[in-house]
>>> print(open('my_file.cif').read())   # mmCIF, N, CA and C atoms
data_target
loop_
_atom_site.label_atom_id
_atom_site.label_comp_id
_atom_site.auth_asym_id
_atom_site.auth_seq_id
_atom_site.Cartn_x
_atom_site.Cartn_y
_atom_site.Cartn_z
N MET Z 1 6.13 8.44 36.63
CA MET Z 1 4.93 7.69 36.45
C MET Z 1 3.74 8.61 36.69
N LYS Z 2 2.64 8.32 35.98
CA LYS Z 2 1.43 9.12 36.13
C LYS Z 2 0.54 8.52 37.21
N TYR Z 3 -0.11 9.42 37.96
CA TYR Z 3 -1.07 9.03 38.99
C TYR Z 3 -2.31 9.89 38.84
N LEU Z 4 -3.45 9.30 39.12
CA LEU Z 4 -4.70 10.04 39.12
C LEU Z 4 -5.12 10.22 40.58
N LEU Z 5 -5.29 11.47 40.97
CA LEU Z 5 -5.77 11.79 42.30
C LEU Z 5 -7.27 12.04 42.16
N LEU Z 6 -8.07 11.10 42.62
CA LEU Z 6 -9.52 11.21 42.53
C LEU Z 6 -10.03 11.91 43.78
N VAL Z 7 -10.76 12.98 43.59
CA VAL Z 7 -11.29 13.78 44.69
C VAL Z 7 -12.71 13.32 45.00
N TYR Z 8 -12.91 12.79 46.20
CA TYR Z 8 -14.25 12.42 46.67
C TYR Z 8 -14.62 13.36 47.80
N ILE Z 9 -15.86 13.85 47.76
CA ILE Z 9 -16.31 14.72 48.84
C ILE Z 9 -17.59 14.17 49.45
N ASP Z 10 -17.77 14.49 50.72
CA ASP Z 10 -19.01 14.20 51.42
C ASP Z 10 -19.83 15.49 51.30
N PRO Z 11 -20.91 15.49 50.51
CA PRO Z 11 -21.67 16.72 50.29
C PRO Z 11 -22.14 17.38 51.59
N GLU Z 12 -22.46 16.59 52.60
CA GLU Z 12 -22.91 17.17 53.87
C GLU Z 12 -21.79 17.98 54.52
N LEU Z 13 -20.58 17.45 54.50
CA LEU Z 13 -19.45 18.19 55.07
C LEU Z 13 -19.18 19.46 54.29
N LEU Z 14 -19.22 19.37 52.97
CA LEU Z 14 -18.93 20.54 52.14
C LEU Z 14 -20.04 21.58 52.22
N ASP Z 15 -21.29 21.13 52.31
CA ASP Z 15 -22.41 22.07 52.43
C ASP Z 15 -22.35 22.87 53.72
N ALA Z 16 -21.70 22.33 54.75
CA ALA Z 16 -21.59 23.01 56.04
C ALA Z 16 -20.53 24.12 56.03
N VAL Z 17 -19.71 24.16 54.98
CA VAL Z 17 -18.65 25.17 54.89
C VAL Z 17 -19.27 26.49 54.41
N PRO Z 18 -19.05 27.60 55.14
CA PRO Z 18 -19.56 28.90 54.69
C PRO Z 18 -19.01 29.23 53.29
N ALA Z 19 -19.83 29.90 52.49
CA ALA Z 19 -19.48 30.19 51.09
C ALA Z 19 -18.12 30.89 50.97
N GLN Z 20 -17.85 31.86 51.84
CA GLN Z 20 -16.57 32.58 51.73
C GLN Z 20 -15.40 31.67 52.05
N ASP Z 21 -15.58 30.72 52.97
CA ASP Z 21 -14.52 29.77 53.28
C ASP Z 21 -14.30 28.81 52.11
N TYR Z 22 -15.40 28.35 51.50
CA TYR Z 22 -15.27 27.48 50.33
C TYR Z 22 -14.52 28.21 49.22
N ASP Z 23 -14.91 29.46 48.97
CA ASP Z 23 -14.25 30.23 47.91
C ASP Z 23 -12.76 30.38 48.19
N SER Z 24 -12.41 30.61 49.45
CA SER Z 24 -11.01 30.73 49.83
C SER Z 24 -10.27 29.41 49.61
N GLU Z 25 -10.89 28.29 50.00
CA GLU Z 25 -10.30 26.96 49.78
C GLU Z 25 -10.10 26.71 48.29
N MET Z 26 -11.11 27.06 47.48
CA MET Z 26 -11.03 26.82 46.04
C MET Z 26 -9.94 27.68 45.41
N ARG Z 27 -9.85 28.94 45.83
CA ARG Z 27 -8.77 29.81 45.31
C ARG Z 27 -7.41 29.21 45.62
N GLN Z 28 -7.22 28.77 46.87
CA GLN Z 28 -5.95 28.18 47.27
C GLN Z 28 -5.66 26.93 46.45
N CYS Z 29 -6.68 26.12 46.26
CA CYS Z 29 -6.53 24.88 45.50
C CYS Z 29 -6.13 25.16 44.05
N ILE Z 30 -6.82 26.10 43.43
CA ILE Z 30 -6.52 26.45 42.02
C ILE Z 30 -5.11 27.02 41.90
N ARG Z 31 -4.75 27.90 42.80
CA ARG Z 31 -3.39 28.48 42.76
C ARG Z 31 -2.32 27.41 42.96
N HIS Z 32 -2.57 26.49 43.90
CA HIS Z 32 -1.62 25.41 44.14
C HIS Z 32 -1.51 24.52 42.89
N ALA Z 33 -2.65 24.19 42.30
CA ALA Z 33 -2.64 23.36 41.08
C ALA Z 33 -1.93 24.08 39.94
N ASP Z 34 -2.15 25.39 39.81
CA ASP Z 34 -1.47 26.16 38.75
C ASP Z 34 0.04 26.14 38.95
N THR Z 35 0.47 26.26 40.20
CA THR Z 35 1.91 26.21 40.51
C THR Z 35 2.47 24.84 40.13
N LEU Z 36 1.77 23.77 40.53
CA LEU Z 36 2.23 22.42 40.21
C LEU Z 36 2.22 22.18 38.69
N ARG Z 37 1.24 22.76 37.99
CA ARG Z 37 1.21 22.62 36.53
C ARG Z 37 2.42 23.32 35.90
N SER Z 38 2.75 24.52 36.41
CA SER Z 38 3.90 25.25 35.85
C SER Z 38 5.21 24.51 36.10
N GLN Z 39 5.24 23.66 37.14
CA GLN Z 39 6.42 22.84 37.45
C GLN Z 39 6.42 21.52 36.69
N GLY Z 40 5.34 21.24 35.96
CA GLY Z 40 5.24 19.99 35.21
C GLY Z 40 4.74 18.81 36.03
N THR Z 41 4.30 19.07 37.26
CA THR Z 41 3.82 17.99 38.12
C THR Z 41 2.38 17.62 37.80
N ILE Z 42 1.52 18.62 37.66
CA ILE Z 42 0.12 18.37 37.31
C ILE Z 42 -0.01 18.45 35.80
N LEU Z 43 -0.57 17.42 35.23
CA LEU Z 43 -0.78 17.36 33.77
C LEU Z 43 -2.18 17.83 33.40
N GLY Z 44 -3.12 17.72 34.32
CA GLY Z 44 -4.48 18.18 34.10
C GLY Z 44 -5.28 18.06 35.38
N PHE Z 45 -6.30 18.90 35.51
CA PHE Z 45 -7.18 18.82 36.67
C PHE Z 45 -8.51 19.44 36.32
N ASN Z 46 -9.55 19.00 37.02
CA ASN Z 46 -10.86 19.56 36.79
C ASN Z 46 -11.79 19.22 37.93
N LYS Z 47 -12.79 20.05 38.09
CA LYS Z 47 -13.88 19.82 39.03
C LYS Z 47 -15.04 19.24 38.23
N LEU Z 48 -15.75 18.29 38.81
CA LEU Z 48 -16.91 17.70 38.15
C LEU Z 48 -18.18 18.37 38.63
N GLU Z 49 -19.18 18.40 37.77
CA GLU Z 49 -20.49 18.91 38.16
C GLU Z 49 -21.12 17.94 39.17
N ALA Z 50 -22.21 18.35 39.78
CA ALA Z 50 -22.89 17.55 40.81
C ALA Z 50 -23.33 16.20 40.27
N PRO Z 51 -23.34 15.17 41.11
CA PRO Z 51 -23.74 13.83 40.68
C PRO Z 51 -25.14 13.79 40.07
N GLU Z 52 -26.01 14.68 40.48
CA GLU Z 52 -27.37 14.71 39.93
C GLU Z 52 -27.38 14.97 38.43
N GLN Z 53 -26.32 15.53 37.91
CA GLN Z 53 -26.24 15.81 36.47
C GLN Z 53 -25.61 14.64 35.70
N ALA Z 54 -25.20 13.61 36.42
CA ALA Z 54 -24.53 12.47 35.79
C ALA Z 54 -25.54 11.44 35.29
N ARG Z 55 -25.08 10.60 34.40
CA ARG Z 55 -25.82 9.43 33.94
C ARG Z 55 -24.87 8.25 34.01
N THR Z 56 -25.38 7.12 34.41
CA THR Z 56 -24.60 5.89 34.43
C THR Z 56 -25.16 4.97 33.36
N VAL Z 57 -24.28 4.43 32.51
CA VAL Z 57 -24.68 3.57 31.41
C VAL Z 57 -24.15 2.17 31.67
N ARG Z 58 -25.04 1.19 31.54
CA ARG Z 58 -24.65 -0.22 31.69
C ARG Z 58 -25.22 -1.00 30.52
N VAL Z 59 -24.40 -1.91 29.99
CA VAL Z 59 -24.86 -2.82 28.95
C VAL Z 59 -24.74 -4.24 29.50
N ARG Z 60 -25.87 -4.94 29.53
CA ARG Z 60 -25.90 -6.32 30.01
C ARG Z 60 -26.75 -7.13 29.04
N GLU Z 61 -26.18 -8.23 28.59
CA GLU Z 61 -26.88 -9.13 27.68
C GLU Z 61 -27.47 -8.37 26.48
N GLY Z 62 -26.67 -7.43 25.96
CA GLY Z 62 -27.07 -6.68 24.77
C GLY Z 62 -28.05 -5.55 25.02
N ARG Z 63 -28.48 -5.35 26.24
CA ARG Z 63 -29.42 -4.28 26.55
C ARG Z 63 -28.71 -3.16 27.30
N THR Z 64 -29.00 -1.94 26.88
CA THR Z 64 -28.41 -0.76 27.50
C THR Z 64 -29.39 -0.17 28.51
N ALA Z 65 -28.90 0.09 29.69
CA ALA Z 65 -29.69 0.74 30.73
C ALA Z 65 -28.99 2.03 31.13
N ILE Z 66 -29.77 3.08 31.28
CA ILE Z 66 -29.23 4.38 31.66
C ILE Z 66 -29.91 4.80 32.95
N PHE Z 67 -29.08 5.16 33.94
CA PHE Z 67 -29.57 5.57 35.26
C PHE Z 67 -29.21 7.02 35.50
N ASP Z 68 -30.08 7.75 36.18
CA ASP Z 68 -29.75 9.11 36.59
C ASP Z 68 -28.74 9.07 37.71
N GLY Z 69 -27.77 9.97 37.66
CA GLY Z 69 -26.79 10.10 38.72
C GLY Z 69 -25.82 8.94 38.77
N PRO Z 70 -24.97 8.94 39.79
CA PRO Z 70 -24.02 7.83 39.96
C PRO Z 70 -24.79 6.58 40.37
N PHE Z 71 -24.33 5.44 39.93
CA PHE Z 71 -25.01 4.19 40.22
C PHE Z 71 -24.77 3.72 41.64
N ALA Z 72 -23.57 3.92 42.14
CA ALA Z 72 -23.22 3.43 43.47
C ALA Z 72 -23.88 4.27 44.54
N GLU Z 73 -24.42 3.62 45.54
CA GLU Z 73 -24.96 4.32 46.70
C GLU Z 73 -23.83 4.48 47.70
N THR Z 74 -23.36 5.70 47.85
CA THR Z 74 -22.24 5.97 48.74
C THR Z 74 -22.38 7.36 49.32
N LYS Z 75 -21.79 7.57 50.48
CA LYS Z 75 -21.86 8.88 51.12
C LYS Z 75 -20.98 9.89 50.39
N GLU Z 76 -19.80 9.47 49.96
CA GLU Z 76 -18.89 10.35 49.24
C GLU Z 76 -19.11 10.22 47.74
N VAL Z 77 -18.98 11.33 47.03
CA VAL Z 77 -19.18 11.33 45.58
C VAL Z 77 -17.92 11.85 44.89
N LEU Z 78 -17.68 11.36 43.69
CA LEU Z 78 -16.55 11.81 42.90
C LEU Z 78 -16.79 13.26 42.50
N ALA Z 79 -15.86 14.13 42.85
CA ALA Z 79 -16.04 15.56 42.64
C ALA Z 79 -15.01 16.17 41.70
N GLY Z 80 -13.93 15.46 41.41
CA GLY Z 80 -12.91 16.01 40.54
C GLY Z 80 -11.70 15.11 40.48
N TYR Z 81 -10.68 15.58 39.76
CA TYR Z 81 -9.47 14.78 39.61
C TYR Z 81 -8.28 15.67 39.32
N ASN Z 82 -7.11 15.13 39.59
CA ASN Z 82 -5.83 15.73 39.22
C ASN Z 82 -4.99 14.63 38.59
N LEU Z 83 -4.52 14.84 37.40
CA LEU Z 83 -3.60 13.91 36.75
C LEU Z 83 -2.21 14.46 36.97
N ILE Z 84 -1.37 13.67 37.66
CA ILE Z 84 -0.05 14.18 38.02
C ILE Z 84 1.05 13.25 37.52
N GLU Z 85 2.25 13.77 37.54
CA GLU Z 85 3.47 13.01 37.27
C GLU Z 85 4.25 13.00 38.58
N ALA Z 86 4.60 11.81 39.06
CA ALA Z 86 5.35 11.71 40.31
C ALA Z 86 6.33 10.55 40.20
N ASP Z 87 7.39 10.60 40.99
CA ASP Z 87 8.43 9.56 40.96
C ASP Z 87 8.01 8.28 41.67
N SER Z 88 7.02 8.39 42.59
CA SER Z 88 6.62 7.22 43.35
C SER Z 88 5.20 7.40 43.88
N LEU Z 89 4.63 6.30 44.33
CA LEU Z 89 3.31 6.35 44.96
C LEU Z 89 3.37 7.22 46.21
N GLU Z 90 4.45 7.13 46.95
CA GLU Z 90 4.60 7.92 48.17
C GLU Z 90 4.57 9.42 47.86
N GLU Z 91 5.26 9.81 46.78
CA GLU Z 91 5.26 11.22 46.39
C GLU Z 91 3.86 11.64 45.96
N ALA Z 92 3.16 10.79 45.23
CA ALA Z 92 1.80 11.10 44.79
C ALA Z 92 0.86 11.27 45.99
N VAL Z 93 1.01 10.41 46.99
CA VAL Z 93 0.19 10.50 48.20
C VAL Z 93 0.48 11.82 48.93
N LYS Z 94 1.75 12.18 49.00
CA LYS Z 94 2.13 13.44 49.64
C LYS Z 94 1.49 14.62 48.92
N LEU Z 95 1.51 14.60 47.60
CA LEU Z 95 0.88 15.67 46.82
C LEU Z 95 -0.63 15.71 47.07
N ALA Z 96 -1.26 14.56 47.14
CA ALA Z 96 -2.71 14.51 47.39
C ALA Z 96 -3.06 15.17 48.71
N GLY Z 97 -2.20 14.99 49.70
CA GLY Z 97 -2.43 15.58 51.01
C GLY Z 97 -2.31 17.09 51.04
N GLN Z 98 -1.76 17.68 49.99
CA GLN Z 98 -1.61 19.14 49.93
C GLN Z 98 -2.88 19.83 49.48
N PHE Z 99 -3.86 19.07 49.00
CA PHE Z 99 -5.12 19.66 48.56
C PHE Z 99 -6.12 19.63 49.71
N PRO Z 100 -6.98 20.64 49.81
CA PRO Z 100 -7.88 20.75 50.97
C PRO Z 100 -9.02 19.74 50.99
N TRP Z 101 -9.28 19.06 49.89
CA TRP Z 101 -10.50 18.27 49.76
C TRP Z 101 -10.53 17.02 50.61
N ALA Z 102 -9.39 16.54 51.06
CA ALA Z 102 -9.37 15.36 51.93
C ALA Z 102 -10.07 15.66 53.26
N ARG Z 103 -10.15 16.93 53.63
CA ARG Z 103 -10.87 17.30 54.86
C ARG Z 103 -12.37 17.18 54.70
N TYR Z 104 -12.85 17.14 53.47
CA TYR Z 104 -14.30 17.08 53.20
C TYR Z 104 -14.69 15.75 52.55
N GLY Z 105 -13.80 14.82 52.52
CA GLY Z 105 -14.05 13.52 51.91
C GLY Z 105 -12.76 12.73 51.90
N SER Z 106 -12.27 12.43 50.70
CA SER Z 106 -11.01 11.68 50.59
C SER Z 106 -10.39 11.90 49.22
N MET Z 107 -9.11 11.57 49.14
CA MET Z 107 -8.37 11.62 47.88
C MET Z 107 -7.87 10.21 47.60
N GLU Z 108 -8.33 9.62 46.52
CA GLU Z 108 -7.82 8.31 46.12
C GLU Z 108 -6.67 8.53 45.17
N VAL Z 109 -5.55 7.87 45.43
CA VAL Z 109 -4.36 7.99 44.59
C VAL Z 109 -4.20 6.66 43.87
N ARG Z 110 -4.25 6.72 42.53
CA ARG Z 110 -4.19 5.48 41.76
C ARG Z 110 -3.21 5.63 40.60
N PRO Z 111 -2.27 4.68 40.47
CA PRO Z 111 -1.37 4.72 39.31
C PRO Z 111 -2.16 4.58 38.01
N VAL Z 112 -1.70 5.30 36.99
CA VAL Z 112 -2.33 5.23 35.67
C VAL Z 112 -1.59 4.17 34.85
N ALA Z 113 -2.35 3.27 34.26
CA ALA Z 113 -1.74 2.20 33.46
C ALA Z 113 -1.12 2.78 32.19
N ASP Z 114 -0.11 2.10 31.70
CA ASP Z 114 0.57 2.49 30.46
C ASP Z 114 -0.22 1.93 29.27
N MET Z 115 -1.01 2.80 28.64
CA MET Z 115 -1.86 2.34 27.53
C MET Z 115 -1.05 2.00 26.29
N ASP Z 116 0.12 2.59 26.12
CA ASP Z 116 0.96 2.21 24.98
C ASP Z 116 1.41 0.76 25.13
N ALA Z 117 1.78 0.36 26.34
CA ALA Z 117 2.16 -1.03 26.59
C ALA Z 117 0.96 -1.95 26.40
N GLU Z 118 -0.21 -1.51 26.84
CA GLU Z 118 -1.43 -2.31 26.67
C GLU Z 118 -1.78 -2.46 25.18
N ARG Z 119 -1.60 -1.38 24.43
CA ARG Z 119 -1.85 -1.40 22.99
C ARG Z 119 -0.97 -2.46 22.32
N VAL Z 120 0.31 -2.49 22.69
CA VAL Z 120 1.24 -3.48 22.13
C VAL Z 120 0.83 -4.88 22.55
N ARG Z 121 0.48 -5.02 23.83
CA ARG Z 121 0.13 -6.33 24.37
C ARG Z 121 -1.06 -6.96 23.65
N VAL Z 122 -2.07 -6.14 23.33
CA VAL Z 122 -3.28 -6.69 22.70
C VAL Z 122 -3.26 -6.57 21.18
N GLY Z 123 -2.20 -5.98 20.64
CA GLY Z 123 -2.08 -5.85 19.19
C GLY Z 123 -3.03 -4.86 18.57
N ALA Z 124 -3.27 -3.76 19.27
CA ALA Z 124 -4.19 -2.75 18.74
C ALA Z 124 -3.45 -1.69 17.95
#
>>> encode(input="my_file.cif", output="structure tokens")
Amino acid sequence: MKYLLLVYIDPELLDAVPAQDYDSEMRQCIRHADTLRSQGTILGFNKLEAPEQARTVRVREGRTAIFDGPFAETKEVLAGYNLIEADSLEEAVKLAGQFPWARYGSMEVRPVADMDAERVRVGA
């Protein structure tokens, strides 16, 4: 089953990390992800740009509104993701704990819905 590991960071915690330590954490993270990809566990991963570069789009009653940055007011911001293949939620949670970013925020582990089944269900 596929799981999405959503990486949330607290910018204040991450900003307090010395640049050389951050670079070391990132190198370790990339190498670990590359190893998991070569094993077929990680299907894709990426880091997101800062929330200030984001736009949030909402359509209500036929009107489109565009907001700068993320719409939700929260201390932690979405910083990246890992799409993985795992046998269970427990295995996916264990994999999430192997990445350093939970120390600077959190890792949300969420099962990915089967869009082929949804396509059949709605007749698309």
>>> closest_residue(input="my_file.cif", among="Z:Val7, Z:Ala124, Z:Ile42, Z:Met1", to="Ser88 of chain Z", atoms="only N, CA and C atoms")
Z:Met1
>>> residues_around(input="my_file.cif", residues="Val93 of chain Z", least_positions_apart="5", cutoff="10 Å", atoms="only C-alpha atoms", output="list in words")
Tyr3, Leu5, Ala86, Ser88, Gln98, Met107, Glu108, Val109 and Arg110 of chain Z
>>> atom_distance(input="my_file.cif", atom1="atom C of Ile84 of chain Z", atom2="atom C of Ala50 of chain Z")
24.7 Å
>>> atom_distance(input="my_file.cif", atom1="atom C of Leu48 of chain Z", atom2="atom CA of Ala79 of chain Z")
5.3 Å
>>> atom_distance(input="my_file.cif", atom1="atom C of Glu90 of chain Z", atom2="atom N of Thr41 of chain Z")
14.3 Å
>>> resolve_selection(input="my_file.cif", expression="the PyMOL selection byres ((chain Z and resi 9) around 5)", output="short mmCIF file (atom, residue, chain, number, x, y, z; two decimals) with N, CA and C atoms, in the coordinates of the input")
data_model
loop_
_atom_site.label_atom_id
_atom_site.label_comp_id
_atom_site.auth_asym_id
_atom_site.auth_seq_id
_atom_site.Cartn_x
_atom_site.Cartn_y
_atom_site.Cartn_z
N VAL Z 7 -10.76 12.98 43.59
CA VAL Z 7 -11.29 13.78 44.69
C VAL Z 7 -12.71 13.32 45.00
N TYR Z 8 -12.91 12.79 46.20
CA TYR Z 8 -14.25 12.42 46.67
C TYR Z 8 -14.62 13.36 47.80
N ASP Z 10 -17.77 14.49 50.72
CA ASP Z 10 -19.01 14.20 51.42
C ASP Z 10 -19.83 15.49 51.30
N PRO Z 11 -20.91 15.49 50.51
CA PRO Z 11 -21.67 16.72 50.29
C PRO Z 11 -22.14 17.38 51.59
N GLU Z 76 -19.80 9.47 49.96
CA GLU Z 76 -18.89 10.35 49.24
C GLU Z 76 -19.11 10.22 47.74
N VAL Z 77 -18.98 11.33 47.03
CA VAL Z 77 -19.18 11.33 45.58
C VAL Z 77 -17.92 11.85 44.89
N ALA Z 79 -15.86 14.13 42.85
CA ALA Z 79 -16.04 15.56 42.64
C ALA Z 79 -15.01 16.17 41.70
N TYR Z 104 -12.85 17.14 53.47
CA TYR Z 104 -14.30 17.08 53.20
C TYR Z 104 -14.69 15.75 52.55
N GLY Z 105 -13.80 14.82 52.52
CA GLY Z 105 -14.05 13.52 51.91
C GLY Z 105 -12.76 12.73 51.90
N SER Z 106 -12.27 12.43 50.70
CA SER Z 106 -11.01 11.68 50.59
C SER Z 106 -10.39 11.90 49.22
#
>>> closest_residue(input="my_file.cif", among="Z:Ala92, Z:Leu83, Z:Leu14, Z:Ala117", to="Asn46 of chain Z", atoms="all atoms listed in the file")
Z:Leu83
>>> closest_atom_pairs(input="my_file.cif", of="segment 61-120 of chain Z", to="segment 28-35 of chain Z", cutoff="8 Å", atoms="all atoms listed in the file", output="tab-separated table")
residue	atom	partner	partner_atom	distance
Z:Gln98	C	Z:Cys29	CA	7.4
Z:Phe99	CA	Z:Cys29	CA	6.2
Z:Pro100	N	Z:Cys29	CA	6.1
Z:Trp101	N	Z:Cys29	CA	7.8
>>> select_by_dssp(input="my_file.cif", residues="chain Z", states="helix (DSSP H, G or I)", output="VMD selection string")
chain Z and resid 11 to 15 19 to 38 51 to 53 89 to 96 100 to 104 115 to 122
>>> axis_aligned_box(input="my_file.cif", around="segment 47-64 of chain Z", padding_each_side="3 Å", output="lines of an AutoDock Vina configuration file")
center_x = -21.1
center_y = 5.5
center_z = 32.9
size_x = 22.6
size_y = 35.2
size_z = 22.3
>>> resolve_selection(input="my_file.cif", expression="the PyMOL selection byres ((chain Z and resi 68) around 7)", output="mmCIF file with N, CA and C atoms, in the coordinates of the input")
data_model
loop_
_atom_site.group_PDB
_atom_site.id
_atom_site.type_symbol
_atom_site.label_atom_id
_atom_site.label_comp_id
_atom_site.auth_asym_id
_atom_site.auth_seq_id
_atom_site.Cartn_x
_atom_site.Cartn_y
_atom_site.Cartn_z
ATOM 1 N N PRO Z 51 -23.340 15.170 41.110
ATOM 2 C CA PRO Z 51 -23.740 13.830 40.680
ATOM 3 C C PRO Z 51 -25.140 13.790 40.070
ATOM 4 N N GLU Z 52 -26.010 14.680 40.480
ATOM 5 C CA GLU Z 52 -27.370 14.710 39.930
ATOM 6 C C GLU Z 52 -27.380 14.970 38.430
ATOM 7 N N GLN Z 53 -26.320 15.530 37.910
ATOM 8 C CA GLN Z 53 -26.240 15.810 36.470
ATOM 9 C C GLN Z 53 -25.610 14.640 35.700
ATOM 10 N N ALA Z 54 -25.200 13.610 36.420
ATOM 11 C CA ALA Z 54 -24.530 12.470 35.790
ATOM 12 C C ALA Z 54 -25.540 11.440 35.290
ATOM 13 N N ARG Z 55 -25.080 10.600 34.400
ATOM 14 C CA ARG Z 55 -25.820 9.430 33.940
ATOM 15 C C ARG Z 55 -24.870 8.250 34.010
ATOM 16 N N THR Z 56 -25.380 7.120 34.410
ATOM 17 C CA THR Z 56 -24.600 5.890 34.430
ATOM 18 C C THR Z 56 -25.160 4.970 33.360
ATOM 19 N N ILE Z 66 -29.770 3.080 31.280
ATOM 20 C CA ILE Z 66 -29.230 4.380 31.660
ATOM 21 C C ILE Z 66 -29.910 4.800 32.950
ATOM 22 N N PHE Z 67 -29.080 5.160 33.940
ATOM 23 C CA PHE Z 67 -29.570 5.570 35.260
ATOM 24 C C PHE Z 67 -29.210 7.020 35.500
ATOM 25 N N GLY Z 69 -27.770 9.970 37.660
ATOM 26 C CA GLY Z 69 -26.790 10.100 38.720
ATOM 27 C C GLY Z 69 -25.820 8.940 38.770
ATOM 28 N N PRO Z 70 -24.970 8.940 39.790
ATOM 29 C CA PRO Z 70 -24.020 7.830 39.960
ATOM 30 C C PRO Z 70 -24.790 6.580 40.370
ATOM 31 N N PHE Z 71 -24.330 5.440 39.930
ATOM 32 C CA PHE Z 71 -25.010 4.190 40.220
ATOM 33 C C PHE Z 71 -24.770 3.720 41.640
#
>>> select_by_dssp(input="my_file.cif", residues="chain Z", states="strand (DSSP E or B)", output="JSON, numbers by chain")
{"Z": [2, 3, 4, 5, 6, 7, 8, 9, 42, 43, 44, 45, 46, 47, 55, 56, 57, 58, 59, 60, 63, 64, 65, 66, 67, 68, 77, 78, 79, 80, 81, 82, 83, 84, 85, 105, 106, 107, 108, 109, 110, 111]}
>>> closest_residue(input="my_file.cif", among="Z:Thr74, Z:Asp114, Z:Arg103, Z:Val57", to="Glu25 of chain Z", atoms="only C-alpha atoms")
Z:Arg103
